[in-house]
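Engineer: I am sharing protein34.cif, which consists of mmCIF, C-alpha atoms:
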```cif
data_coords
#
loop_
_atom_site.label_atom_id
_atom_site.label_comp_id
_atom_site.auth_asym_id
_atom_site.auth_seq_id
_atom_site.Cartn_x
_atom_site.Cartn_y
_atom_site.Cartn_z
CA MET W 1 56.99 42.98 18.18
CA LYS W 2 56.93 42.43 14.43
CA PRO W 3 54.23 44.17 12.45
CA ASP W 4 51.39 42.21 10.93
CA GLU W 5 52.77 40.66 7.75
CA ARG W 6 49.63 39.54 5.94
CA SER W 7 49.57 39.91 2.17
CA PHE W 8 45.82 40.55 1.67
CA ARG W 9 46.03 37.97 -1.14
CA ILE W 10 44.31 34.61 -1.04
CA ALA W 11 44.23 31.77 -3.54
CA LEU W 12 41.48 29.18 -3.61
CA VAL W 13 43.51 26.12 -4.47
CA ALA W 14 42.36 22.84 -5.97
CA ASP W 15 43.62 19.87 -4.01
CA ARG W 16 45.90 18.60 -6.80
CA TYR W 17 48.01 21.74 -6.46
CA LEU W 18 48.11 21.62 -2.67
CA ASN W 19 48.71 17.89 -2.34
CA PRO W 20 50.26 17.22 -5.75
CA PRO W 21 50.72 13.69 -7.01
CA ALA W 22 54.25 12.57 -7.78
CA GLY W 23 55.57 14.78 -10.54
CA GLY W 24 52.64 17.18 -10.21
CA LEU W 25 52.90 20.93 -9.97
CA ASP W 26 53.50 22.02 -6.38
CA GLY W 27 51.21 25.03 -6.26
CA LEU W 28 51.54 25.42 -2.51
CA ALA W 29 55.30 26.02 -2.80
CA VAL W 30 54.73 28.66 -5.47
CA LEU W 31 52.04 30.39 -3.44
CA ALA W 32 54.22 30.36 -0.34
CA GLU W 33 57.09 31.90 -2.28
CA ALA W 34 54.80 34.55 -3.75
CA GLY W 35 53.34 35.39 -0.36
CA TRP W 36 49.76 34.30 -0.96
CA GLY W 37 47.50 32.71 1.61
CA VAL W 38 45.63 29.53 0.70
CA LEU W 39 42.04 28.38 1.00
CA GLN W 40 41.96 24.69 0.19
CA LEU W 41 39.21 23.39 -2.09
CA PRO W 42 37.88 19.89 -1.46
CA THR W 43 39.31 16.96 -3.33
CA GLY W 44 37.07 15.38 -5.95
CA ASP W 45 37.25 12.09 -4.01
CA TYR W 46 34.83 13.28 -1.35
CA PRO W 47 31.12 12.46 -1.44
CA ALA W 48 29.19 15.24 -3.16
CA GLU W 49 27.26 16.24 -0.04
CA LEU W 50 30.45 16.57 2.02
CA ALA W 51 32.24 18.51 -0.73
CA ALA W 52 29.28 20.87 -0.98
CA ARG W 53 29.40 21.53 2.76
CA ILE W 54 33.13 22.24 2.64
CA LEU W 55 32.61 24.59 -0.29
CA ALA W 56 29.86 26.43 1.57
CA GLU W 57 32.28 26.98 4.45
CA VAL W 58 35.00 28.16 2.07
CA ALA W 59 32.56 30.60 0.52
CA GLU W 60 31.48 31.86 3.94
CA GLN W 61 35.08 32.61 4.85
CA LEU W 62 35.80 34.19 1.49
CA GLU W 63 32.79 36.43 1.96
CA GLU W 64 34.41 37.95 5.05
CA PHE W 65 37.67 38.58 3.18
CA SER W 66 35.72 40.06 0.29
CA ARG W 67 34.03 42.55 2.58
CA HIS W 68 37.49 43.86 3.47
CA GLY W 69 38.95 44.22 -0.02
CA TYR W 70 41.31 41.24 -0.14
CA ASP W 71 42.39 39.92 -3.54
CA PHE W 72 41.41 36.41 -4.65
CA VAL W 73 42.28 34.01 -7.39
CA VAL W 74 41.41 30.41 -8.11
CA VAL W 75 44.17 27.92 -8.87
CA GLY W 76 42.83 24.86 -10.64
CA GLU W 77 39.24 23.76 -10.93
CA CYS W 78 36.64 22.54 -8.50
CA ASP W 79 33.12 21.34 -9.27
CA GLY W 80 30.53 23.25 -7.32
CA LEU W 81 32.67 26.29 -6.59
CA PRO W 82 30.73 28.76 -8.77
CA GLY W 83 27.46 27.78 -7.10
CA ALA W 84 28.91 28.01 -3.60
CA LEU W 85 30.30 31.46 -4.28
CA ALA W 86 27.07 32.61 -5.90
CA ALA W 87 25.19 31.57 -2.77
CA VAL W 88 27.08 34.25 -0.83
CA GLY W 89 26.90 36.79 -3.63
CA LEU W 90 30.41 36.33 -5.00
CA ALA W 91 31.55 35.79 -8.57
CA VAL W 92 34.27 33.32 -9.43
CA PRO W 93 37.60 35.21 -9.17
CA ASP W 94 40.21 35.22 -11.90
CA GLN W 95 41.30 31.65 -12.44
CA ILE W 96 44.30 29.75 -13.72
CA THR W 97 44.98 26.12 -14.42
CA PRO W 98 48.74 26.43 -14.47
CA SER W 99 50.90 24.33 -16.74
CA SER W 100 54.13 25.15 -14.93
CA THR W 101 55.58 26.82 -11.86
CA ALA W 102 56.56 29.84 -13.93
CA ASP W 103 53.05 30.02 -15.38
CA LEU W 104 51.54 30.24 -11.90
CA LEU W 105 54.15 32.63 -10.55
CA ASP W 106 53.68 34.98 -13.51
CA PHE W 107 49.93 34.95 -12.97
CA LEU W 108 50.28 35.77 -9.27
CA THR W 109 52.90 38.49 -9.60
CA ALA W 110 50.94 40.24 -12.35
CA ARG W 111 48.04 40.96 -10.00
CA PRO W 112 47.53 44.57 -8.95
CA ALA W 113 47.80 45.45 -5.28
CA PRO W 114 44.54 44.61 -3.53
CA PRO W 115 42.49 47.49 -2.09
CA ALA W 116 42.96 46.13 1.41
CA SER W 117 46.74 46.44 1.26
CA SER W 118 46.48 50.20 1.54
CA TRP W 119 44.08 49.94 4.44
CA SER W 120 44.60 48.53 7.90
CA TRP W 121 43.35 48.85 11.43
CA LEU W 122 47.03 48.84 12.41
CA PRO W 123 48.77 52.22 12.22
CA ALA W 124 52.02 51.55 10.39
CA ASP W 125 54.15 53.56 12.82
CA ASP W 126 52.28 52.74 15.98
CA PRO W 127 52.16 48.97 16.48
CA ALA W 128 49.99 47.74 19.30
CA GLU W 129 51.91 47.72 22.54
CA ASP W 130 49.77 45.46 24.70
CA ALA W 131 50.86 42.24 23.08
CA THR W 132 49.55 39.73 25.54
CA ALA W 133 46.06 38.62 24.57
CA GLY W 134 45.27 35.24 23.08
CA ARG W 135 45.46 35.10 19.34
CA GLU W 136 44.50 32.47 16.84
CA MET R 1 48.86 7.66 3.50
CA ALA R 2 49.18 10.08 6.40
CA VAL R 3 47.01 13.16 6.77
CA ALA R 4 47.60 16.28 8.85
CA PHE R 5 44.54 18.37 9.66
CA VAL R 6 45.99 21.83 10.11
CA ALA R 7 44.61 25.03 11.57
CA HIS R 8 43.39 27.32 8.81
CA CYS R 9 45.91 30.07 9.49
CA LEU R 10 48.89 27.79 8.94
CA LEU R 11 48.08 28.03 5.23
CA ASN R 12 46.56 31.49 5.36
CA GLN R 13 47.96 34.06 7.74
CA ASN R 14 45.45 36.54 6.32
CA SER R 15 42.88 34.96 8.64
CA LYS R 16 44.79 35.99 11.75
CA VAL R 17 43.54 38.54 14.22
CA GLY R 18 45.06 41.96 13.60
CA ASP R 19 48.79 42.12 14.39
CA GLY R 20 48.92 38.34 14.47
CA ALA R 21 50.13 37.44 10.98
CA HIS R 22 53.68 36.11 11.30
CA CYS R 23 54.23 36.00 7.54
CA SER R 24 52.46 36.98 4.33
CA GLY R 25 50.56 33.79 3.59
CA VAL R 26 51.72 30.22 4.19
CA TYR R 27 53.47 29.52 7.50
CA SER R 28 56.35 27.51 6.10
CA PRO R 29 58.01 26.26 9.32
CA ILE R 30 55.11 23.85 9.81
CA VAL R 31 54.11 23.22 6.21
CA ASP R 32 57.65 22.45 5.07
CA VAL R 33 57.99 19.67 7.66
CA LEU R 34 54.71 18.11 6.56
CA ARG R 35 55.67 18.24 2.89
CA ARG R 36 59.17 16.87 3.51
CA LYS R 37 57.75 13.93 5.43
CA GLY R 38 55.11 13.23 2.80
CA TRP R 39 52.02 14.11 4.81
CA ARG R 40 48.85 15.08 3.02
CA ILE R 41 47.49 18.44 4.22
CA GLU R 42 43.84 19.11 5.05
CA GLN R 43 43.03 22.68 6.04
CA MET R 44 40.42 23.15 8.75
CA PRO R 45 38.20 26.25 8.70
CA CYS R 46 39.03 29.25 10.88
CA PRO R 47 36.21 29.35 13.44
CA GLU R 48 36.92 32.90 14.57
CA LEU R 49 37.01 34.37 11.07
CA GLY R 50 33.46 33.38 10.23
CA PHE R 51 32.03 34.32 13.61
CA THR R 52 33.81 37.44 14.79
CA GLY R 53 35.38 38.56 11.51
CA LEU R 54 38.61 40.16 10.44
CA ASN R 55 38.23 43.16 12.74
CA ARG R 56 37.96 41.03 15.87
CA PHE R 57 39.88 41.94 18.98
CA TRP R 58 42.40 39.61 20.47
CA ALA R 59 40.47 37.42 22.87
CA VAL R 60 40.82 34.85 25.58
CA ARG R 61 38.85 31.64 25.77
CA GLU R 62 36.26 32.94 28.21
CA GLN R 63 35.24 35.68 25.77
CA LEU R 64 34.57 33.15 23.01
CA ASP R 65 33.03 30.47 25.21
CA THR R 66 29.43 31.37 24.41
CA ALA R 67 26.52 29.17 23.37
CA GLY R 68 26.42 30.78 19.94
CA TYR R 69 30.12 30.35 19.29
CA ARG R 70 29.99 26.74 20.45
CA ARG R 71 27.14 26.03 18.03
CA HIS R 72 29.20 27.63 15.27
CA CYS R 73 32.21 25.49 16.22
CA GLN R 74 30.03 22.37 16.42
CA ARG R 75 28.81 22.96 12.87
CA LEU R 76 32.35 23.34 11.56
CA ALA R 77 33.65 20.46 13.67
CA ALA R 78 30.99 18.13 12.25
CA THR R 79 32.37 18.65 8.75
CA VAL R 80 35.97 18.17 9.89
CA ALA R 81 34.92 15.03 11.77
CA ASP R 82 33.28 13.72 8.59
CA VAL R 83 36.59 14.07 6.74
CA ILE R 84 38.57 12.56 9.62
CA GLY R 85 36.12 9.66 9.70
CA LEU R 86 36.52 9.16 5.98
CA ARG R 87 40.31 9.13 6.24
CA ALA R 88 40.37 6.98 9.36
CA GLY R 89 38.08 4.51 7.62
CA GLN R 90 40.73 4.16 4.91
CA GLY R 91 43.31 3.31 7.56
CA GLU R 92 45.21 6.56 7.20
CA ASP R 93 47.38 7.94 9.99
CA ILE R 94 46.01 11.26 11.24
CA VAL R 95 47.40 14.17 13.25
CA LEU R 96 45.80 17.43 14.29
CA ILE R 97 47.95 20.56 14.22
CA GLY R 98 46.59 23.53 16.08
CA VAL R 99 47.85 26.89 17.30
CA GLU R 100 49.11 26.97 20.85
CA GLY R 101 47.81 29.87 22.89
CA SER R 102 44.75 30.28 20.70
CA PRO R 103 41.35 30.51 22.44
CA SER R 104 39.92 28.44 19.57
CA MET R 105 42.69 26.34 18.06
CA GLY R 106 44.99 25.57 21.00
CA VAL R 107 45.62 21.85 21.35
CA ARG R 108 47.53 21.88 24.64
CA ILE R 109 47.73 25.55 25.52
CA THR R 110 44.93 28.05 25.26
CA SER R 111 44.40 31.57 26.61
CA SER R 112 42.45 32.23 29.75
CA ASP R 113 41.56 35.28 31.82
CA PRO R 114 38.13 35.11 33.48
CA SER R 115 38.24 38.79 34.34
CA ARG R 116 38.74 40.06 30.82
CA GLY R 117 35.82 41.90 29.28
CA GLY R 118 34.34 45.30 28.66
CA ARG R 119 36.54 48.08 27.42
CA PRO R 120 39.46 46.38 25.64
CA GLU R 121 42.32 47.54 27.82
CA TRP R 122 44.35 45.40 30.15
CA PRO R 123 47.66 45.69 31.93
CA GLU R 124 50.67 44.92 29.84
CA GLY R 125 52.35 41.67 30.73
CA VAL R 126 49.28 39.79 31.92
CA GLY R 127 50.01 36.14 31.27
CA GLU R 128 46.90 34.45 29.96
CA HIS R 129 48.34 31.26 28.50
CA THR R 130 47.27 28.17 30.36
CA ALA R 131 47.06 24.44 29.82
CA GLY R 132 43.96 23.44 27.89
CA GLU R 133 42.25 23.34 24.52
CA GLY R 134 40.67 26.07 22.48
CA VAL R 135 36.89 26.03 22.03
CA PHE R 136 36.93 24.63 18.49
CA VAL R 137 39.44 21.93 19.31
CA GLU R 138 37.37 20.89 22.31
CA GLU R 139 34.22 20.70 20.18
CA LEU R 140 36.07 18.66 17.54
CA ARG R 141 37.32 16.23 20.19
CA LEU R 142 33.79 15.85 21.58
CA GLU R 143 32.37 15.30 18.10
CA LEU R 144 34.93 12.57 17.38
CA GLU R 145 34.11 10.94 20.74
CA ARG R 146 30.38 10.97 19.90
CA ARG R 147 31.19 9.15 16.66
CA GLY R 148 33.52 6.66 18.32
CA LEU R 149 36.49 7.97 16.35
CA ALA R 150 39.94 8.10 17.91
CA TYR R 151 41.24 11.54 18.77
CA PRO R 152 44.34 12.16 16.64
CA ARG R 153 47.81 12.88 17.93
CA VAL R 154 48.25 16.61 18.23
CA ALA R 155 50.94 19.19 17.65
CA GLY R 156 50.84 22.95 17.76
CA GLU R 157 52.34 26.00 16.16
CA THR R 158 53.91 27.88 19.06
CA HIS R 159 54.67 31.28 17.62
CA ALA R 160 52.46 33.15 20.11
CA LEU R 161 54.03 31.59 23.18
CA ALA R 162 56.75 33.22 25.22
CA GLY R 163 60.04 31.55 24.45
CA HIS R 164 58.90 30.34 21.03
CA ASP R 165 61.76 28.64 19.25
CA GLU R 166 61.36 27.49 15.67
CA GLU R 167 63.78 24.59 16.08
CA THR R 168 61.95 23.30 19.15
CA GLN R 169 58.64 23.68 17.34
CA ARG R 170 59.98 21.63 14.44
CA GLU R 171 61.36 18.91 16.71
CA GLN R 172 58.06 18.62 18.57
CA LEU R 173 56.13 18.43 15.30
CA GLU R 174 58.44 15.78 13.90
CA ALA R 175 58.15 13.74 17.09
CA VAL R 176 54.36 13.74 16.77
CA LEU R 177 54.45 12.89 13.06
CA ASP R 178 56.93 10.07 13.58
CA ASN R 179 55.07 8.55 16.53
CA SER R 180 52.62 6.56 14.44
CA PRO R 181 50.78 3.76 16.24
#
```
Is it possible to give me this structure as structure tokens?

Structural biologist:
Amino acid sequence: MKPDERSFRIALVADRYLNPPAGGLDGLAVLAEAGWGVLQLPTGDYPAELAARILAEVAEQLEEFSRHGYDFVVVGECDGLPGALAAVGLAVPDQITPSSTADLLDFLTARPAPPASSWSWLPADDPAEDATAGRE
Amino acid sequence: MAVAFVAHCLLNQNSKVGDGAHCSGVYSPIVDVLRRKGWRIEQMPCPELGFTGLNRFWAVREQLDTAGYRRHCQRLAATVADVIGLRAGQGEDIVLIGVEGSPSMGVRITSSDPSRGGRPEWPEGVGEHTAGEGVFVEELRLELERRGLAYPRVAGETHALAGHDEETQREQLEAVLDNSP
């Protein structure tokens, strides 16, 4: 069984970088290459009430990661994000509105190792042996 | 426009239960197919993350099938159904991509063991995968039915299943994506 390969790094990503328009910067490809997980932010096309609900759910999930020392960044901009994060006691993480693939990659690779990466419930030399239970 | 509603962990393996992250972040075998075929991606929330947290044990469906967890899933499913309704109203083709074997996100295969509970030890090799949906997927389907919205075509990431084969997974995903009405 392979060990858990998570990166403990998560980017909150504006929709235009996850579903880029033709010729737009493909942020998802850069994040995948750099090994970051993604939390998608709602597109600006959605009704304000729906976008606010999605942002509240994003913030709720980020709160759990925050409690465990994961690293976060924001890629792009999203109206309502600061308020949603404040509602769960979180500040807006370091943010970039990248102008190029290299710009984004440099920003991501310059981050220090997150506190959680040196901590795990999984002993590094003793992977779980009973590998049969249901997993999401 | 075509829109794939994907399980949260397909874009963020950090949300997985311990020992379950197959890669560092984005699960490319699914995402790459969607991008290549021009599908828009909508990430669903991870129902287990917000309810049982990052230190949760691996679980089967019966352990998560509680009134409280169903209410939690219903709340999340209502938001996803709102977005599906919005997209469907614009005439967009929609698929739902879950995680086979998951007690929450399975679309055709979930995990079941009615006897599991208590001290978290069980015999190695117990096969808990069974035909069925995870709790969240079931609640999303019910919510769409209540609204009179069509249930999307479904596909699943199969990494947790015995005999997982990336090529087969890709072929099954492509078949679902290409089978537009």

Engineer: Write out as a PDB file with C-alpha atoms, in the coordinates of the input each polymer residue whose atoms come within 10 Å of Gly24 of chain W, counting only C-alpha atoms; drop sequence neighbours fewer than 5 positions from it.

Structural biologist:
```pdb
ATOM      1  CA  ARG W  16      45.900  18.600  -6.800  1.00  0.00           C
ATOM      2  CA  TYR W  17      48.010  21.740  -6.460  1.00  0.00           C
ATOM      3  CA  LEU W  18      48.110  21.620  -2.670  1.00  0.00           C
ATOM      4  CA  ASN W  19      48.710  17.890  -2.340  1.00  0.00           C
ATOM      5  CA  SER W  99      50.900  24.330 -16.740  1.00  0.00           C
ATOM      6  CA  SER W 100      54.130  25.150 -14.930  1.00  0.00           C
TER       7      SER W 100
END
```

Engineer: Enumerate, as a PyMOL selection string, the protein, DNA and RNA residues whose atoms approach (44.7, 26.7, 18.9) to within 12 Å, taking into account only C-alpha atoms and the coordinate frame of the file.

Structural biologist: (chain W and resi 134-136) or (chain R and resi 6-10+16+44+46-48+60-61+96-111+129-138+140+154-161)

Engineer: Kindly give the distance, in Å, that separates atom CA of Val74 of chain W and atom CA of Ala11 of chain W, rounded to a single decimal.

Structural biologist: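 Straight-line distance from atom CA of Val74 of chain W to atom CA of Ala11 of chain W works out to 5.5 Å.
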
Engineer: With distances taken over all atoms listed in the file, which residue among R:Ala21, R:Leu76, R:Ala162, R:Ala175 lies nearest Glu139 of chain R?

Structural biologist: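 Result for the nearest residue to Glu139 of chain R: R:Leu76.
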
Engineer: Taking the file as shown, find all residues satisfying the PyMOL selection byres ((chain R) within 7 of (chain W)) and write them as a ChimeraX atom specification.

Structural biologist: /R:11-14,16-26,40-41,43,49-50,53,58-60,99,101-105,111,124-128

Engineer: Write to file, as an mmCIF file, keeping the file's coordinate frame, the residues of the selection just made, with C-alpha atoms.

Structural biologist:
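The result, written out as selection08.cif:
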```cif
data_model
loop_
_atom_site.group_PDB
_atom_site.id
_atom_site.type_symbol
_atom_site.label_atom_id
_atom_site.label_comp_id
_atom_site.auth_asym_id
_atom_site.auth_seq_id
_atom_site.Cartn_x
_atom_site.Cartn_y
_atom_site.Cartn_z
ATOM 1 C CA LEU R 11 48.080 28.030 5.230
ATOM 2 C CA ASN R 12 46.560 31.490 5.360
ATOM 3 C CA GLN R 13 47.960 34.060 7.740
ATOM 4 C CA ASN R 14 45.450 36.540 6.320
ATOM 5 C CA LYS R 16 44.790 35.990 11.750
ATOM 6 C CA VAL R 17 43.540 38.540 14.220
ATOM 7 C CA GLY R 18 45.060 41.960 13.600
ATOM 8 C CA ASP R 19 48.790 42.120 14.390
ATOM 9 C CA GLY R 20 48.920 38.340 14.470
ATOM 10 C CA ALA R 21 50.130 37.440 10.980
ATOM 11 C CA HIS R 22 53.680 36.110 11.300
ATOM 12 C CA CYS R 23 54.230 36.000 7.540
ATOM 13 C CA SER R 24 52.460 36.980 4.330
ATOM 14 C CA GLY R 25 50.560 33.790 3.590
ATOM 15 C CA VAL R 26 51.720 30.220 4.190
ATOM 16 C CA ARG R 40 48.850 15.080 3.020
ATOM 17 C CA ILE R 41 47.490 18.440 4.220
ATOM 18 C CA GLN R 43 43.030 22.680 6.040
ATOM 19 C CA LEU R 49 37.010 34.370 11.070
ATOM 20 C CA GLY R 50 33.460 33.380 10.230
ATOM 21 C CA GLY R 53 35.380 38.560 11.510
ATOM 22 C CA TRP R 58 42.400 39.610 20.470
ATOM 23 C CA ALA R 59 40.470 37.420 22.870
ATOM 24 C CA VAL R 60 40.820 34.850 25.580
ATOM 25 C CA VAL R 99 47.850 26.890 17.300
ATOM 26 C CA GLY R 101 47.810 29.870 22.890
ATOM 27 C CA SER R 102 44.750 30.280 20.700
ATOM 28 C CA PRO R 103 41.350 30.510 22.440
ATOM 29 C CA SER R 104 39.920 28.440 19.570
ATOM 30 C CA MET R 105 42.690 26.340 18.060
ATOM 31 C CA SER R 111 44.400 31.570 26.610
ATOM 32 C CA GLU R 124 50.670 44.920 29.840
ATOM 33 C CA GLY R 125 52.350 41.670 30.730
ATOM 34 C CA VAL R 126 49.280 39.790 31.920
ATOM 35 C CA GLY R 127 50.010 36.140 31.270
ATOM 36 C CA GLU R 128 46.900 34.450 29.960
#
```

Engineer: What does the structure give for the distance between atom CA of Ala150 of chain R and atom CA of Val83 of chain R, in Å to one decimal?

Structural biologist: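 Calculated distance between atom CA of Ala150 of chain R and atom CA of Val83 of chain R is 13.1 Å.
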
Engineer: Determine, counting all atoms listed in the file, which protein, DNA and RNA residues have an atom within 9 Å of an atom of Ala56 of chain W; residues of the same chain fewer than 5 positions away are not included. Present the result as JSON, numbers by chain.

Structural biologist: {"W": [51, 61, 81, 84, 85, 87, 88]}

Engineer: Name the residues that the PyMOL selection byres ((chain R and resi 37) around 12) picks from the file above, as a PyMOL selection string, using the file's chain letters and numbers.

Structural biologist: chain R and resi 1-4+30-36+38-41+173-178

Engineer: How many Å lie between atom CA of Pro93 of chain W and atom CA of Phe72 of chain W, rounded to one decimal?

Structural biologist: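 That distance, rounded to one decimal, is 6.0 Å.
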
Engineer: From the block I gave, I'd like segment 77-89 of chain W written with C-alpha atoms, as a compact mmCIF listing (two decimals), in the first residue's frame.

Structural biologist:
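Result file follows (out.txt):
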```txt
# COMPACT_ATOMS: atom_id res chain seq x y z
CA GLU W 77 -9.85 37.34 -6.38
CA CYS W 78 -13.33 36.60 -5.15
CA ASP W 79 -15.87 39.05 -3.77
CA GLY W 80 -17.08 38.05 -0.35
CA LEU W 81 -14.14 35.82 0.53
CA PRO W 82 -12.69 38.03 3.29
CA GLY W 83 -16.07 38.19 5.03
CA ALA W 84 -16.66 34.46 4.75
CA LEU W 85 -13.25 33.70 6.21
CA ALA W 86 -13.69 36.25 8.98
CA ALA W 87 -16.95 34.56 9.95
CA VAL W 88 -14.95 31.45 10.92
CA GLY W 89 -12.10 33.43 12.46
```
